[in-house]
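Scroll down for the structure; my scribbles are underneath it.
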Amino acid sequence: SDLDGVHAASLALKLGIGEGEAAKLLANVRSGGSSTDELGANFLRSSARTGLAHLQEERAMFRIVTLVQRLDELLGGGIRPCQLTEVAGVPGVGKTQLGMQLSVNTAIPHALGGCGGETVYIDTEGSFSAQRTAQMAEGLISSLWQRLSACNPAERAQREAALRGLTSESILCGVHVFRCHDLAELVAVVKGLRDFAAGRSSRIRLVVVDSVAFHFRHEQLAYTRRLQMLGTVSQALLDFARVERAAAVLINQVTTRVNDATNESFIAPALGESWAHTCHTKLMLEWRQRVRMA
């Protein structure tokens, strides 16, 4: 059937209907009660939106800030929700540090301009450091207190109240780390994100995969199987990001490629050409004369 592999959540998002209604539609079609033509008709009736509506929605969405002014400006205000953002670079350039900092920054309360959410951190390399994340949380709280001095009195009281409830312990409690030792565990985690998020009192606003390339580069897979599993991982992450209005940051390794025309080598994100078209935003970190550039 052409509906094999279609989930109620993704169908609901595409048709603009509730997930329960989408599940009933799928069950009806699969039991022979209606046709895919009827689903197509429902899609045409309910899915069209104006460009203005899209623009207003994008402007209203939160961004997860890095708190590095130039980097946030480069990203259009921060990491965007409902999208996949790739962060690539050579070892030691700060990719994991950025992923952990974003996990901390996701907890910034709404009253302080943040999204007040939690993070799922999928660690495939064993590089997540709880101690370093705790230091970042303490640094964030200190920075937010310093920024209060620039607020007017009316805003200050509200922001102080929000900040008093923010501690390094509360931030760390909102960072949920999954250590994935192989590709099977990675696939299981990304496909189970919605079930995990459904049981949380606070919304999951960020998913970090550090790194997305590790198991794909170290496990022996046939080319077609590798492409299939890459597609499964990226689509599951994108579906979750869109349904939950969350951001997804995929940390990637790099490889050396050669320009066929000039025969010159250059550094590029790993995982090949098919992956190169998967993410909406690509951030390349590199060193230039001992200065970190993006």
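Simple scheme: letters A, B, ... for chains in structure tokens order, numbers from 1 for residues in each chain, numbers from 1 for ligands in the order shown.
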Inset, instruction - List the neighbours of segment 227-231 of chain A out to 12 Å using only C-alpha atoms; skip same-chain residues closer than 4 positions along the sequence, and give me the result as a VMD selection string. - result: chain A and resid 183 to 184 186 to 188 190 to 191 212 to 217 219 221 to 223 235 to 239 271 to 279
Output of the above residues as a CSV table (one decimal), in the first residue's frame, restricted to C-alpha atoms:
```
chain,number,residue,atom,x,y,z
A,183,LEU,CA,22.9,2.3,15.2
A,184,ALA,CA,20.0,0.1,16.4
A,186,LEU,CA,20.1,5.4,17.8
A,187,VAL,CA,17.1,4.5,15.6
A,188,ALA,CA,15.1,3.2,18.6
A,190,VAL,CA,14.7,8.8,17.6
A,191,LYS,CA,11.6,6.8,16.8
A,212,VAL,CA,24.8,11.7,13.8
A,213,ALA,CA,27.7,10.3,11.7
A,214,PHE,CA,29.5,8.2,14.3
A,215,HIS,CA,27.7,4.9,14.0
A,216,PHE,CA,27.1,5.3,10.2
A,217,ARG,CA,30.8,5.6,9.7
A,219,GLU,CA,29.2,0.0,11.2
A,221,LEU,CA,26.4,-1.4,6.0
A,222,ALA,CA,25.4,-1.9,2.4
A,223,TYR,CA,25.1,1.5,0.6
A,235,GLN,CA,12.7,11.8,9.0
A,236,ALA,CA,11.9,10.7,12.6
A,237,LEU,CA,13.8,13.8,13.9
A,238,LEU,CA,12.1,16.1,11.5
A,239,ASP,CA,8.6,14.7,12.2
A,271,LEU,CA,27.7,11.3,5.3
A,272,GLY,CA,27.8,12.1,1.5
A,273,GLU,CA,25.8,13.9,-1.1
A,274,SER,CA,22.4,12.5,-0.1
A,275,TRP,CA,22.8,13.8,3.4
A,276,ALA,CA,24.0,17.2,2.2
A,277,HIS,CA,20.4,18.1,1.2
A,278,THR,CA,18.8,16.9,4.4
A,279,CYS,CA,19.3,19.7,6.9
```
I'd like the neighbourhood of segment 145-157 of chain A as a compact mmCIF listing (two decimals) with N, CA, C and O atoms, in the first residue's frame, where a residue qualifies if any of its atoms comes within 12 Å (using only C-alpha atoms), though same-chain residues fewer than 2 positions away should be ignored.
```txt
# COMPACT_ATOMS: atom_id res chain seq x y z
N LEU A 67 23.78 32.71 22.77
CA LEU A 67 24.31 33.79 23.61
C LEU A 67 25.65 34.31 23.11
O LEU A 67 26.34 35.04 23.81
N ILE A 108 16.18 28.58 29.54
CA ILE A 108 15.93 29.99 29.87
C ILE A 108 14.42 30.23 29.90
O ILE A 108 13.72 29.92 28.93
N ALA A 111 9.94 34.40 30.60
CA ALA A 111 10.02 35.79 31.08
C ALA A 111 11.36 36.43 30.77
O ALA A 111 11.47 37.66 30.75
N LEU A 112 12.37 35.60 30.50
CA LEU A 112 13.70 36.11 30.19
C LEU A 112 14.03 35.98 28.71
O LEU A 112 15.19 36.05 28.31
N GLY A 113 13.01 35.74 27.90
CA GLY A 113 13.20 35.66 26.45
C GLY A 113 13.57 34.29 25.93
O GLY A 113 13.90 34.13 24.75
N GLU A 138 25.75 27.12 35.50
CA GLU A 138 26.09 28.15 36.48
C GLU A 138 26.49 29.45 35.79
O GLU A 138 26.13 30.55 36.24
N GLY A 139 27.24 29.33 34.70
CA GLY A 139 27.62 30.52 33.94
C GLY A 139 26.42 31.22 33.33
O GLY A 139 26.36 32.46 33.29
N LEU A 140 25.46 30.44 32.86
CA LEU A 140 24.25 31.03 32.28
C LEU A 140 23.47 31.81 33.32
O LEU A 140 23.05 32.95 33.08
N ILE A 141 23.28 31.22 34.49
CA ILE A 141 22.53 31.90 35.55
C ILE A 141 23.22 33.20 35.96
O ILE A 141 22.57 34.25 36.12
N SER A 142 24.54 33.16 36.07
CA SER A 142 25.29 34.37 36.42
C SER A 142 25.11 35.44 35.34
O SER A 142 24.91 36.63 35.66
N SER A 143 25.16 35.03 34.08
CA SER A 143 25.00 35.98 32.98
C SER A 143 23.61 36.60 32.97
O SER A 143 23.45 37.80 32.73
N ARG A 159 11.17 39.39 35.92
CA ARG A 159 12.31 38.58 35.50
C ARG A 159 13.09 38.04 36.71
O ARG A 159 13.61 36.93 36.66
N GLU A 160 13.14 38.82 37.77
CA GLU A 160 13.81 38.34 38.98
C GLU A 160 13.08 37.12 39.54
O GLU A 160 13.71 36.15 39.98
N ALA A 161 11.74 37.18 39.52
CA ALA A 161 10.96 36.05 40.04
C ALA A 161 11.23 34.78 39.22
O ALA A 161 11.36 33.69 39.79
N ALA A 162 11.32 34.93 37.90
CA ALA A 162 11.59 33.78 37.04
C ALA A 162 13.00 33.24 37.26
O ALA A 162 13.22 32.02 37.27
N LEU A 163 13.92 34.14 37.48
CA LEU A 163 15.32 33.75 37.62
C LEU A 163 15.60 33.08 38.96
O LEU A 163 16.47 32.21 39.07
N ARG A 164 14.84 33.46 39.99
CA ARG A 164 15.05 32.84 41.30
C ARG A 164 14.75 31.34 41.27
O ARG A 164 15.29 30.57 42.06
N LEU A 166 15.43 29.39 38.82
CA LEU A 166 16.35 28.73 37.90
C LEU A 166 17.66 28.41 38.62
O LEU A 166 18.36 29.31 39.06
N THR A 167 17.96 27.14 38.74
CA THR A 167 19.21 26.71 39.37
C THR A 167 19.94 25.76 38.42
O THR A 167 19.35 25.23 37.47
```
Inset, instruction - Could you tell me, as a PyMOL selection string, which residues of segment 149-212 of chain A DSSP assigns to strand (DSSP E) when given the backbone? - result: chain A and resi 175-179+204-210
Inset, instruction - Skip Ser168 of chain A itself and residues of its chain fewer than 4 positions away, then list as a ChimeraX atom specification all residues within 7 Å of it, counting only C-alpha atoms. - result: /A:134,137-138,172
Inset, instruction - DSSP on the backbone, then: every residue of segment 37-266 of chain A marked helix (DSSP H, G or I), written as an MDAnalysis selection string. - result: chainID A and resid 37:46 51:60 69:74 95:105 110:112 130:150 153:164 168:173 183:191 193:198 214:218 223:244
Inset, instruction - Kindly indicate which residue among A:Arg179, A:Arg226, A:Arg80, A:Arg200 lies nearest to Arg59 of chain A, using only C-alpha atoms for the distances. - result: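 Checking each candidate against Arg59 of chain A, we get A:Arg80 as the closest.
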